[in-house]
Amino acid sequence: MTANSPEQSVAVLAAIITLGLALAKVRFWGVSLGVAFVFFLGILAGHIGFSLDHNVLLYTETFGLAIFVYALGLQVGPGFFNSLRQDGMKLNLWGLSLILVGTILTVVFWQLTPVDLPEMMGIYCGATTNTPALGAAQQTLKQFGLSGGGAALGCAITYPLGVVGVILAMILLRKFFIKGDVETEKSQYASDETFVALFDVVNPGINGKTLGQIADQSHLKFIVSRVWRGDEVIVPSSSTVLLNGDSVLSVTTKREVSALEILFGRRSAEDWNKEGIDWNKVDGQIESRTIVLSNPSLNGKRLGHLHLGSTYGVNISRVTRGDIRLLATYDLQLQYGDRLTTVGKAEALDNAAKYLGNAIQNLNEPNLGSIFLGILLGLGLGAIPISLPGISIPVKLGMAGGPIIVGILAGAFGPTFHIITFTTRSANSMLRRLGLSLYLACLGLDSGPQFFQTVIRPEGFLWLGIGLAITVVPVFVVGAILLKMRKFAFGTVCGILCGSMANPMALGYANDSVHGDAPSLSYATVYPLCMFVRVVVVQIVLIALL
């Protein structure tokens, strides 16, 4: 039954997504495939005769995927380049190693089975869910005077299992290599994760010097939020003079703690990082308050340029951005939606809050204009052909590659250009889930009619088995090596595997399995390069072996 009206089209998609997400909560033998059920329901609906107008189907599928990948880019953008500087090269090398294993396995299957090379490359494209690679393969085959129909058929039969094969491999990895439940994984790339420590000043070398002089001469990263001098509590500034016998409450990073102990002289044994500390009861004379940056004019400003200490008499000890706590250094670039931990007198804090905005309700209204502008720019970037030496067919980032790159850039550099790209975590999660659900429902509807017809062909089961092996084996092998070597946490490994296989549905499963942004961040780190390389690899294999 073809949905001929807008109402019917919406009803078909809503029914598929509703039932799929309901089944996502069901566990079979302790395992749930999560959002993958939307895809399965789409295949079933397509098989029994439900369909949408072709143009409506393509539009909804493209729109859903664009929303998903752009929102994902926005989510990981603030920490992306930090991850790239630290472990980005390692992540991409492991992603490329997975591609190498899969390519070698494909060539081996071509040598050992009666499947022709064009069909085998179609199987490879379907098993790795890479439709841009299929397009490149078909163009290359045409240059050799060969039909691309066999490649398209091979892709059609293996694509559905290619989508879920990565999830199956991750389930196996978790069963064999992870003991117990997976705990929340915060991003391991948050190098500015803060640490609070109390020091007693007993170093005669800094006695009588100002905090500004000490900071300039030591080159250490720390913020002093309080100074206790006898019964007096001081909200310090750069001109505050330290004396022997003072106690300073300092916010720093874990790697700087030992150096600060040498600088000040002695560290208190009390744990100032445990949960549940009421900072307003620490001394009773000054308050600690979280103020939300909602003044649009301050988006992208350097913290030191606000002169909050000299103007309002308050100190910013740390800045919380998403799940990451950043040290409130002079050169820290603020972003709309940042939560600033502020210390000072009650009246001073009230005045600072007025200046910074502190309008929490404003954060619940995401800037939809910037979101759609980002998607538009992403689709434009994805359509740009990129010519490579020795490759006859230009390579494109496509409708998934372009938006995710623009999303990353917007999330990372939007504040630099005073563009508000902030979305709350709940709003971002809603966008990602909505986009992914629409994409998978349409993908299933599109695959359903051909899937079962292709499987019952004489060669169908052979192609299906080869495709499943090309999907599962490389993912399991590389994932097992990473987990066995304890190179990365489970969430990060899942992100590498999903990104190198260009599999957003598997990422949805990983995000449901691991709380935190580690899977999404590593996915975004390896996805652009690995997607690009797969398109090139398909053409190289065909040119070399035909």
# chains A, B, ... in the order shown; residues from 1 in each chain; ligands from 1
$ select_by_dssp --residues "region 298-464 of chain A" --states "helix (DSSP H, G or I)" --output "ChimeraX atom specification"
/A:298,303-306,308-312,346-356,360-364,368-382,398-413,415-417,425-455,460-464
$ residues_around --residues "Leu293 (chain A)" --least-positions-apart "6" --cutoff "9 Å" --atoms "only C-alpha atoms" --output "PyMOL selection string"
chain A and resi 299+334-340+353+355-360
$ residues_around --residues "region 154-168 of chain A" --least-positions-apart "6" --cutoff "6 Å" --atoms "only C-alpha atoms" --output "PyMOL selection string"
chain A and resi 119+122-123+125-129+451+464+467+471-472+506
$ write_last_selection --atoms "N, CA and C atoms" --output "PDB file, in the first residue's frame"
ATOM      1  N   GLU A 119      30.432  -7.702  -8.198  1.00  0.00           N
ATOM      2  CA  GLU A 119      29.466  -8.077  -7.166  1.00  0.00           C
ATOM      3  C   GLU A 119      30.121  -8.065  -5.779  1.00  0.00           C
ATOM      4  N   GLY A 122      30.313  -4.646  -4.504  1.00  0.00           N
ATOM      5  CA  GLY A 122      28.995  -4.234  -4.042  1.00  0.00           C
ATOM      6  C   GLY A 122      28.685  -4.807  -2.668  1.00  0.00           C
ATOM      7  N   ILE A 123      29.043  -6.075  -2.455  1.00  0.00           N
ATOM      8  CA  ILE A 123      28.878  -6.705  -1.139  1.00  0.00           C
ATOM      9  C   ILE A 123      29.674  -5.927  -0.083  1.00  0.00           C
ATOM     10  N   CYS A 125      30.558  -2.754  -0.159  1.00  0.00           N
ATOM     11  CA  CYS A 125      29.919  -1.453   0.102  1.00  0.00           C
ATOM     12  C   CYS A 125      28.698  -1.622   1.007  1.00  0.00           C
ATOM     13  N   GLY A 126      27.915  -2.659   0.780  1.00  0.00           N
ATOM     14  CA  GLY A 126      26.751  -2.899   1.621  1.00  0.00           C
ATOM     15  C   GLY A 126      27.140  -3.310   3.023  1.00  0.00           C
ATOM     16  N   ALA A 127      28.159  -4.161   3.139  1.00  0.00           N
ATOM     17  CA  ALA A 127      28.598  -4.633   4.453  1.00  0.00           C
ATOM     18  C   ALA A 127      29.160  -3.512   5.300  1.00  0.00           C
ATOM     19  N   THR A 128      29.704  -2.485   4.647  1.00  0.00           N
ATOM     20  CA  THR A 128      30.247  -1.333   5.371  1.00  0.00           C
ATOM     21  C   THR A 128      29.305  -0.142   5.318  1.00  0.00           C
ATOM     22  N   THR A 129      28.077  -0.354   4.845  1.00  0.00           N
ATOM     23  CA  THR A 129      27.015   0.665   4.777  1.00  0.00           C
ATOM     24  C   THR A 129      27.517   1.974   4.190  1.00  0.00           C
ATOM     25  N   PHE A 451      14.825  -6.829  -0.180  1.00  0.00           N
ATOM     26  CA  PHE A 451      15.672  -7.647   0.694  1.00  0.00           C
ATOM     27  C   PHE A 451      15.333  -9.134   0.588  1.00  0.00           C
ATOM     28  N   LEU A 464      25.052 -13.089   1.407  1.00  0.00           N
ATOM     29  CA  LEU A 464      24.674 -12.652   2.751  1.00  0.00           C
ATOM     30  C   LEU A 464      25.737 -13.062   3.775  1.00  0.00           C
ATOM     31  N   GLY A 467      28.927 -10.979   3.244  1.00  0.00           N
ATOM     32  CA  GLY A 467      28.726  -9.621   3.745  1.00  0.00           C
ATOM     33  C   GLY A 467      28.752  -9.557   5.258  1.00  0.00           C
ATOM     34  N   THR A 471      31.456  -7.543   7.682  1.00  0.00           N
ATOM     35  CA  THR A 471      31.028  -6.585   8.702  1.00  0.00           C
ATOM     36  C   THR A 471      31.554  -6.960  10.078  1.00  0.00           C
ATOM     37  N   VAL A 472      31.289  -8.192  10.497  1.00  0.00           N
ATOM     38  CA  VAL A 472      31.521  -8.577  11.889  1.00  0.00           C
ATOM     39  C   VAL A 472      32.987  -8.854  12.197  1.00  0.00           C
ATOM     40  N   ALA A 506      24.541   1.985  14.783  1.00  0.00           N
ATOM     41  CA  ALA A 506      25.360   1.314  15.785  1.00  0.00           C
ATOM     42  C   ALA A 506      25.816   2.309  16.850  1.00  0.00           C
TER      43      ALA A 506
END
$ select_by_dssp --residues "region 292-422 of chain A" --states "strand (DSSP E)" --output "list in words"
Val292, Asn315, Ile316, Ser317, Arg318, Val319, Thr320, Arg321, Ile324, Arg325, Leu326, Leu327, Arg339, Leu340, Thr341, Thr342, Val343 and Gly344 of chain A
$ residues_around --residues "region 263-265 of chain A" --least-positions-apart "6" --cutoff "7 Å" --atoms "only C-alpha atoms" --output "PyMOL selection string"
chain A and resi 199-203
$ residues_around --residues "region 234-250 of chain A" --least-positions-apart "3" --cutoff "6 Å" --atoms "only C-alpha atoms" --output "JSON, numbers by chain"
{"A": [196, 197, 198, 199, 200, 201, 202, 207, 208, 209, 210, 211, 212, 223, 224, 225, 226, 227, 228, 229]}
$ closest_residue --among "A:Gly102, A:Pro474, A:Pro114, A:Pro519" --to "Val538 (chain A)" --atoms "only C-alpha atoms"
A:Gly102
$ residues_around --residues "Phe413 (chain A)" --least-positions-apart "2" --cutoff "12 Å" --atoms "only C-alpha atoms" --output "PDB file with N, CA and C atoms, in the first residue's frame"
ATOM      1  N   GLY A  73      27.593  16.518  15.531  1.00  0.00           N
ATOM      2  CA  GLY A  73      28.744  17.406  15.413  1.00  0.00           C
ATOM      3  C   GLY A  73      28.706  18.527  16.430  1.00  0.00           C
ATOM      4  N   LEU A  74      27.521  19.122  16.642  1.00  0.00           N
ATOM      5  CA  LEU A  74      27.389  20.176  17.653  1.00  0.00           C
ATOM      6  C   LEU A  74      27.728  19.650  19.046  1.00  0.00           C
ATOM      7  N   VAL A  76      29.763  17.146  19.973  1.00  0.00           N
ATOM      8  CA  VAL A  76      31.162  16.807  20.218  1.00  0.00           C
ATOM      9  C   VAL A  76      32.113  17.931  19.832  1.00  0.00           C
ATOM     10  N   GLY A  77      31.603  18.972  19.159  1.00  0.00           N
ATOM     11  CA  GLY A  77      32.458  20.041  18.669  1.00  0.00           C
ATOM     12  C   GLY A  77      33.366  20.664  19.714  1.00  0.00           C
ATOM     13  N   PRO A  78      32.832  21.055  20.909  1.00  0.00           N
ATOM     14  CA  PRO A  78      33.686  21.712  21.902  1.00  0.00           C
ATOM     15  C   PRO A  78      34.900  20.890  22.326  1.00  0.00           C
ATOM     16  N   GLY A  79      34.794  19.561  22.323  1.00  0.00           N
ATOM     17  CA  GLY A  79      35.930  18.737  22.742  1.00  0.00           C
ATOM     18  C   GLY A  79      36.663  18.060  21.604  1.00  0.00           C
ATOM     19  N   PHE A  80      36.216  18.291  20.352  1.00  0.00           N
ATOM     20  CA  PHE A  80      36.750  17.536  19.216  1.00  0.00           C
ATOM     21  C   PHE A  80      38.225  17.821  18.977  1.00  0.00           C
ATOM     22  N   PHE A  81      38.599  19.081  18.895  1.00  0.00           N
ATOM     23  CA  PHE A  81      39.978  19.396  18.542  1.00  0.00           C
ATOM     24  C   PHE A  81      40.942  19.088  19.682  1.00  0.00           C
ATOM     25  N   ASN A 299      29.098  35.958  24.479  1.00  0.00           N
ATOM     26  CA  ASN A 299      29.438  34.709  23.801  1.00  0.00           C
ATOM     27  C   ASN A 299      30.740  34.870  23.015  1.00  0.00           C
ATOM     28  N   GLY A 300      31.731  34.041  23.324  1.00  0.00           N
ATOM     29  CA  GLY A 300      33.008  34.109  22.626  1.00  0.00           C
ATOM     30  C   GLY A 300      34.032  35.013  23.277  1.00  0.00           C
ATOM     31  N   GLN A 333      37.931  30.991  26.526  1.00  0.00           N
ATOM     32  CA  GLN A 333      36.885  31.601  25.712  1.00  0.00           C
ATOM     33  C   GLN A 333      35.528  31.069  26.169  1.00  0.00           C
ATOM     34  N   LEU A 334      34.668  31.961  26.600  1.00  0.00           N
ATOM     35  CA  LEU A 334      33.368  31.563  27.132  1.00  0.00           C
ATOM     36  C   LEU A 334      32.390  31.243  26.013  1.00  0.00           C
ATOM     37  N   GLN A 335      31.455  30.352  26.312  1.00  0.00           N
ATOM     38  CA  GLN A 335      30.416  29.995  25.360  1.00  0.00           C
ATOM     39  C   GLN A 335      29.053  30.173  26.010  1.00  0.00           C
ATOM     40  N   ILE A 405      30.858  17.597   9.704  1.00  0.00           N
ATOM     41  CA  ILE A 405      32.041  18.456   9.773  1.00  0.00           C
ATOM     42  C   ILE A 405      31.630  19.886  10.110  1.00  0.00           C
ATOM     43  N   VAL A 406      30.576  20.396   9.469  1.00  0.00           N
ATOM     44  CA  VAL A 406      30.108  21.746   9.779  1.00  0.00           C
ATOM     45  C   VAL A 406      29.612  21.819  11.222  1.00  0.00           C
ATOM     46  N   GLY A 407      28.932  20.765  11.700  1.00  0.00           N
ATOM     47  CA  GLY A 407      28.479  20.734  13.085  1.00  0.00           C
ATOM     48  C   GLY A 407      29.642  20.800  14.066  1.00  0.00           C
ATOM     49  N   ILE A 408      30.708  20.049  13.785  1.00  0.00           N
ATOM     50  CA  ILE A 408      31.900  20.080  14.641  1.00  0.00           C
ATOM     51  C   ILE A 408      32.501  21.481  14.658  1.00  0.00           C
ATOM     52  N   LEU A 409      32.639  22.087  13.478  1.00  0.00           N
ATOM     53  CA  LEU A 409      33.226  23.423  13.398  1.00  0.00           C
ATOM     54  C   LEU A 409      32.347  24.455  14.105  1.00  0.00           C
ATOM     55  N   ALA A 410      31.020  24.329  13.957  1.00  0.00           N
ATOM     56  CA  ALA A 410      30.105  25.269  14.617  1.00  0.00           C
ATOM     57  C   ALA A 410      30.175  25.119  16.139  1.00  0.00           C
ATOM     58  N   GLY A 411      30.218  23.864  16.613  1.00  0.00           N
ATOM     59  CA  GLY A 411      30.305  23.641  18.051  1.00  0.00           C
ATOM     60  C   GLY A 411      31.609  24.118  18.642  1.00  0.00           C
ATOM     61  N   PRO A 415      31.367  30.283  18.987  1.00  0.00           N
ATOM     62  CA  PRO A 415      31.557  31.426  19.882  1.00  0.00           C
ATOM     63  C   PRO A 415      32.637  32.405  19.416  1.00  0.00           C
ATOM     64  N   THR A 416      33.652  31.898  18.714  1.00  0.00           N
ATOM     65  CA  THR A 416      34.703  32.785  18.223  1.00  0.00           C
ATOM     66  C   THR A 416      34.124  33.848  17.304  1.00  0.00           C
ATOM     67  N   PHE A 417      33.121  33.473  16.537  1.00  0.00           N
ATOM     68  CA  PHE A 417      32.472  34.414  15.620  1.00  0.00           C
ATOM     69  C   PHE A 417      31.155  34.936  16.196  1.00  0.00           C
ATOM     70  N   HIS A 418      30.992  34.747  17.527  1.00  0.00           N
ATOM     71  CA  HIS A 418      29.822  35.239  18.249  1.00  0.00           C
ATOM     72  C   HIS A 418      28.517  34.684  17.678  1.00  0.00           C
ATOM     73  N   ILE A 419      28.569  33.418  17.222  1.00  0.00           N
ATOM     74  CA  ILE A 419      27.387  32.719  16.735  1.00  0.00           C
ATOM     75  C   ILE A 419      26.910  31.781  17.844  1.00  0.00           C
ATOM     76  N   ILE A 420      25.661  31.899  18.235  1.00  0.00           N
ATOM     77  CA  ILE A 420      25.126  31.068  19.314  1.00  0.00           C
ATOM     78  C   ILE A 420      24.690  29.724  18.738  1.00  0.00           C
ATOM     79  N   THR A 421      25.451  28.696  19.029  1.00  0.00           N
ATOM     80  CA  THR A 421      25.136  27.346  18.559  1.00  0.00           C
ATOM     81  C   THR A 421      24.714  26.441  19.713  1.00  0.00           C
ATOM     82  N   PHE A 422      24.510  27.027  20.886  1.00  0.00           N
ATOM     83  CA  PHE A 422      24.218  26.242  22.079  1.00  0.00           C
ATOM     84  C   PHE A 422      22.877  25.529  21.967  1.00  0.00           C
TER      85      PHE A 422
END
$ closest_atom_pairs --of "region 368-464 of chain A" --to "region 41-54 of chain A" --cutoff "8 Å" --atoms "only C-alpha atoms" --output "Markdown table"
| residue | atom | partner | partner_atom | distance |
| --- | --- | --- | --- | --- |
| A:Leu440 | CA | A:Gly42 | CA | 7.4 |
| A:Ala441 | CA | A:Gly42 | CA | 5.0 |
| A:Cys442 | CA | A:Gly42 | CA | 6.8 |
| A:Leu443 | CA | A:Gly42 | CA | 7.2 |
| A:Gly444 | CA | A:Gly42 | CA | 4.0 |
| A:Leu445 | CA | A:Gly46 | CA | 4.5 |
| A:Asp446 | CA | A:Gly46 | CA | 6.8 |
| A:Ser447 | CA | A:Ile43 | CA | 6.0 |
| A:Gly448 | CA | A:Ile43 | CA | 3.9 |
| A:Pro449 | CA | A:His47 | CA | 4.6 |
| A:Gln450 | CA | A:His47 | CA | 7.8 |
| A:Phe451 | CA | A:His47 | CA | 7.9 |
| A:Phe452 | CA | A:His47 | CA | 7.4 |
$ atom_distance --atom1 "CA of Gly369 (chain A)" --atom2 "CA of Ala524 (chain A)"
23.2 Å
$ atom_distance --atom1 "CA of Arg266 (chain A)" --atom2 "CA of Ile286 (chain A)"
24.1 Å
$ residues_around --residues "Met501 (chain A)" --least-positions-apart "3" --cutoff "9 Å" --atoms "only C-alpha atoms" --output "mmCIF file with all heavy atoms, in the first residue's frame"
data_model
loop_
_atom_site.group_PDB
_atom_site.id
_atom_site.type_symbol
_atom_site.label_atom_id
_atom_site.label_comp_id
_atom_site.auth_asym_id
_atom_site.auth_seq_id
_atom_site.Cartn_x
_atom_site.Cartn_y
_atom_site.Cartn_z
ATOM 1 N N GLY A 95 41.035 3.123 13.262
ATOM 2 C CA GLY A 95 39.942 3.088 12.299
ATOM 3 C C GLY A 95 40.408 2.638 10.925
ATOM 4 O O GLY A 95 39.753 1.832 10.257
ATOM 5 N N LEU A 98 41.016 -1.077 10.755
ATOM 6 C CA LEU A 98 39.785 -1.841 10.552
ATOM 7 C C LEU A 98 39.434 -1.882 9.064
ATOM 8 O O LEU A 98 39.029 -2.924 8.538
ATOM 9 C CB LEU A 98 38.654 -1.223 11.370
ATOM 10 C CG LEU A 98 37.345 -2.015 11.490
ATOM 11 C CD1 LEU A 98 36.659 -1.681 12.806
ATOM 12 C CD2 LEU A 98 36.395 -1.723 10.343
ATOM 13 N N ILE A 99 39.597 -0.763 8.378
ATOM 14 C CA ILE A 99 39.337 -0.722 6.937
ATOM 15 C C ILE A 99 40.286 -1.666 6.201
ATOM 16 O O ILE A 99 39.876 -2.385 5.274
ATOM 17 C CB ILE A 99 39.497 0.724 6.411
ATOM 18 C CG1 ILE A 99 38.400 1.607 6.986
ATOM 19 C CG2 ILE A 99 39.452 0.757 4.885
ATOM 20 C CD1 ILE A 99 38.530 3.066 6.612
ATOM 21 N N ALA A 127 28.159 -4.161 3.139
ATOM 22 C CA ALA A 127 28.598 -4.633 4.453
ATOM 23 C C ALA A 127 29.160 -3.512 5.300
ATOM 24 O O ALA A 127 29.107 -3.564 6.530
ATOM 25 C CB ALA A 127 29.651 -5.741 4.285
ATOM 26 N N THR A 128 29.704 -2.485 4.647
ATOM 27 C CA THR A 128 30.247 -1.333 5.371
ATOM 28 C C THR A 128 29.305 -0.142 5.318
ATOM 29 O O THR A 128 29.682 0.967 5.700
ATOM 30 C CB THR A 128 31.615 -0.941 4.793
ATOM 31 O OG1 THR A 128 31.484 -0.668 3.394
ATOM 32 C CG2 THR A 128 32.627 -2.059 4.987
ATOM 33 N N THR A 129 28.077 -0.354 4.845
ATOM 34 C CA THR A 129 27.015 0.665 4.777
ATOM 35 C C THR A 129 27.517 1.974 4.190
ATOM 36 O O THR A 129 27.264 3.053 4.730
ATOM 37 C CB THR A 129 26.384 0.907 6.171
ATOM 38 O OG1 THR A 129 27.380 1.403 7.064
ATOM 39 C CG2 THR A 129 25.783 -0.369 6.717
ATOM 40 N N ASN A 130 28.229 1.877 3.076
ATOM 41 C CA ASN A 130 28.833 3.065 2.478
ATOM 42 C C ASN A 130 28.293 3.252 1.068
ATOM 43 O O ASN A 130 28.863 2.754 0.088
ATOM 44 C CB ASN A 130 30.365 2.915 2.461
ATOM 45 C CG ASN A 130 31.065 4.246 2.273
ATOM 46 O OD1 ASN A 130 30.673 5.047 1.438
ATOM 47 N ND2 ASN A 130 32.114 4.465 3.045
ATOM 48 N N VAL A 166 27.483 -4.516 13.021
ATOM 49 C CA VAL A 166 28.363 -3.816 13.957
ATOM 50 C C VAL A 166 27.812 -3.922 15.379
ATOM 51 O O VAL A 166 28.567 -4.113 16.341
ATOM 52 C CB VAL A 166 28.526 -2.340 13.535
ATOM 53 C CG1 VAL A 166 29.434 -1.601 14.519
ATOM 54 C CG2 VAL A 166 29.092 -2.238 12.125
ATOM 55 N N THR A 471 31.456 -7.543 7.682
ATOM 56 C CA THR A 471 31.028 -6.585 8.702
ATOM 57 C C THR A 471 31.554 -6.960 10.078
ATOM 58 O O THR A 471 32.190 -6.151 10.767
ATOM 59 C CB THR A 471 29.493 -6.507 8.764
ATOM 60 O OG1 THR A 471 28.986 -6.098 7.499
ATOM 61 C CG2 THR A 471 29.046 -5.514 9.821
ATOM 62 N N VAL A 475 35.382 -5.757 12.725
ATOM 63 C CA VAL A 475 34.966 -5.017 13.913
ATOM 64 C C VAL A 475 35.332 -5.787 15.177
ATOM 65 O O VAL A 475 35.869 -5.215 16.137
ATOM 66 C CB VAL A 475 33.444 -4.754 13.865
ATOM 67 C CG1 VAL A 475 32.960 -4.151 15.183
ATOM 68 C CG2 VAL A 475 33.107 -3.815 12.712
ATOM 69 N N ILE A 496 35.040 4.257 17.877
ATOM 70 C CA ILE A 496 36.003 3.996 16.796
ATOM 71 C C ILE A 496 35.397 3.020 15.788
ATOM 72 O O ILE A 496 35.465 3.233 14.568
ATOM 73 C CB ILE A 496 37.314 3.424 17.369
ATOM 74 C CG1 ILE A 496 38.013 4.452 18.253
ATOM 75 C CG2 ILE A 496 38.257 2.994 16.233
ATOM 76 C CD1 ILE A 496 39.216 3.891 18.996
ATOM 77 N N LEU A 497 34.809 1.943 16.300
ATOM 78 C CA LEU A 497 34.248 0.914 15.427
ATOM 79 C C LEU A 497 33.086 1.454 14.607
ATOM 80 O O LEU A 497 33.008 1.223 13.398
ATOM 81 C CB LEU A 497 33.798 -0.287 16.267
ATOM 82 C CG LEU A 497 34.868 -0.952 17.137
ATOM 83 C CD1 LEU A 497 34.270 -2.073 17.967
ATOM 84 C CD2 LEU A 497 36.019 -1.478 16.291
ATOM 85 N N CYS A 498 32.181 2.194 15.256
ATOM 86 C CA CYS A 498 31.020 2.739 14.538
ATOM 87 C C CYS A 498 31.447 3.787 13.523
ATOM 88 O O CYS A 498 30.923 3.841 12.406
ATOM 89 C CB CYS A 498 30.031 3.347 15.526
ATOM 90 S SG CYS A 498 29.337 2.171 16.700
ATOM 91 N N PRO A 504 25.721 5.088 11.818
ATOM 92 C CA PRO A 504 25.092 5.893 12.868
ATOM 93 C C PRO A 504 24.147 5.092 13.753
ATOM 94 O O PRO A 504 23.975 5.420 14.924
ATOM 95 C CB PRO A 504 24.331 6.968 12.077
ATOM 96 C CG PRO A 504 24.121 6.384 10.714
ATOM 97 C CD PRO A 504 25.313 5.514 10.466
ATOM 98 N N TYR A 527 35.219 9.316 11.855
ATOM 99 C CA TYR A 527 34.271 9.167 10.755
ATOM 100 C C TYR A 527 34.699 9.871 9.460
ATOM 101 O O TYR A 527 34.683 9.255 8.393
ATOM 102 C CB TYR A 527 32.877 9.659 11.178
ATOM 103 C CG TYR A 527 31.883 9.691 10.036
ATOM 104 C CD1 TYR A 527 31.194 8.550 9.659
ATOM 105 C CD2 TYR A 527 31.670 10.860 9.299
ATOM 106 C CE1 TYR A 527 30.295 8.574 8.601
ATOM 107 C CE2 TYR A 527 30.786 10.894 8.242
ATOM 108 C CZ TYR A 527 30.103 9.752 7.894
ATOM 109 O OH TYR A 527 29.237 9.778 6.845
ATOM 110 N N CYS A 530 37.746 8.085 7.682
ATOM 111 C CA CYS A 530 37.473 6.694 7.304
ATOM 112 C C CYS A 530 36.425 6.607 6.190
ATOM 113 O O CYS A 530 36.545 5.775 5.278
ATOM 114 C CB CYS A 530 37.008 5.902 8.528
ATOM 115 S SG CYS A 530 38.326 5.594 9.727
ATOM 116 N N MET A 531 35.410 7.452 6.243
ATOM 117 C CA MET A 531 34.412 7.461 5.175
ATOM 118 C C MET A 531 35.061 7.832 3.844
ATOM 119 O O MET A 531 34.805 7.221 2.808
ATOM 120 C CB MET A 531 33.300 8.453 5.528
ATOM 121 C CG MET A 531 32.103 8.446 4.585
ATOM 122 S SD MET A 531 32.306 9.496 3.133
ATOM 123 C CE MET A 531 32.471 11.095 3.916
#
$ closest_residue --among "A:Leu368, A:Ile404, A:Gly344, A:Phe222" --to "Thr329 (chain A)" --atoms "only C-alpha atoms"
A:Phe222
$ atom_distance --atom1 "CA of Thr492 (chain A)" --atom2 "CA of Thr194 (chain A)"
21.6 Å
$ closest_residue --among "A:Leu260, A:Ile540, A:Leu482, A:Ile470" --to "Ile104 (chain A)" --atoms "only C-alpha atoms"
A:Ile470
$ closest_residue --among "A:Lys396, A:Lys487, A:His515, A:Arg432" --to "Pro528 (chain A)" --atoms "only C-alpha atoms"
A:Lys396
$ closest_residue --among "A:Ser9, A:Leu65, A:Val26, A:Pro296" --to "Gly402 (chain A)" --atoms "only C-alpha atoms"
A:Leu65
$ decode --residues "region 75-79 of chain A" --atoms "all heavy atoms" --output "PDB file, in the first residue's frame"
ATOM      1  N   GLN A  75      27.316  18.420  19.324  1.00  0.00           N
ATOM      2  CA  GLN A  75      27.540  17.849  20.648  1.00  0.00           C
ATOM      3  C   GLN A  75      29.029  17.664  20.935  1.00  0.00           C
ATOM      4  O   GLN A  75      29.512  18.003  22.017  1.00  0.00           O
ATOM      5  CB  GLN A  75      26.818  16.504  20.770  1.00  0.00           C
ATOM      6  CG  GLN A  75      27.053  15.815  22.109  1.00  0.00           C
ATOM      7  CD  GLN A  75      26.799  14.319  22.062  1.00  0.00           C
ATOM      8  OE1 GLN A  75      26.551  13.759  20.996  1.00  0.00           O
ATOM      9  NE2 GLN A  75      26.850  13.676  23.196  1.00  0.00           N
ATOM     10  N   VAL A  76      29.763  17.146  19.973  1.00  0.00           N
ATOM     11  CA  VAL A  76      31.162  16.807  20.218  1.00  0.00           C
ATOM     12  C   VAL A  76      32.113  17.931  19.832  1.00  0.00           C
ATOM     13  O   VAL A  76      33.300  17.867  20.156  1.00  0.00           O
ATOM     14  CB  VAL A  76      31.558  15.520  19.457  1.00  0.00           C
ATOM     15  CG1 VAL A  76      30.648  14.380  19.831  1.00  0.00           C
ATOM     16  CG2 VAL A  76      31.544  15.745  17.951  1.00  0.00           C
ATOM     17  N   GLY A  77      31.603  18.972  19.159  1.00  0.00           N
ATOM     18  CA  GLY A  77      32.458  20.041  18.669  1.00  0.00           C
ATOM     19  C   GLY A  77      33.366  20.664  19.714  1.00  0.00           C
ATOM     20  O   GLY A  77      34.578  20.819  19.486  1.00  0.00           O
ATOM     21  N   PRO A  78      32.832  21.055  20.909  1.00  0.00           N
ATOM     22  CA  PRO A  78      33.686  21.712  21.902  1.00  0.00           C
ATOM     23  C   PRO A  78      34.900  20.890  22.326  1.00  0.00           C
ATOM     24  O   PRO A  78      35.935  21.447  22.667  1.00  0.00           O
ATOM     25  CB  PRO A  78      32.731  21.942  23.082  1.00  0.00           C
ATOM     26  CG  PRO A  78      31.381  22.048  22.447  1.00  0.00           C
ATOM     27  CD  PRO A  78      31.416  21.056  21.305  1.00  0.00           C
ATOM     28  N   GLY A  79      34.794  19.561  22.323  1.00  0.00           N
ATOM     29  CA  GLY A  79      35.930  18.737  22.742  1.00  0.00           C
ATOM     30  C   GLY A  79      36.663  18.060  21.604  1.00  0.00           C
ATOM     31  O   GLY A  79      37.637  17.338  21.832  1.00  0.00           O
TER      32      GLY A  79
END
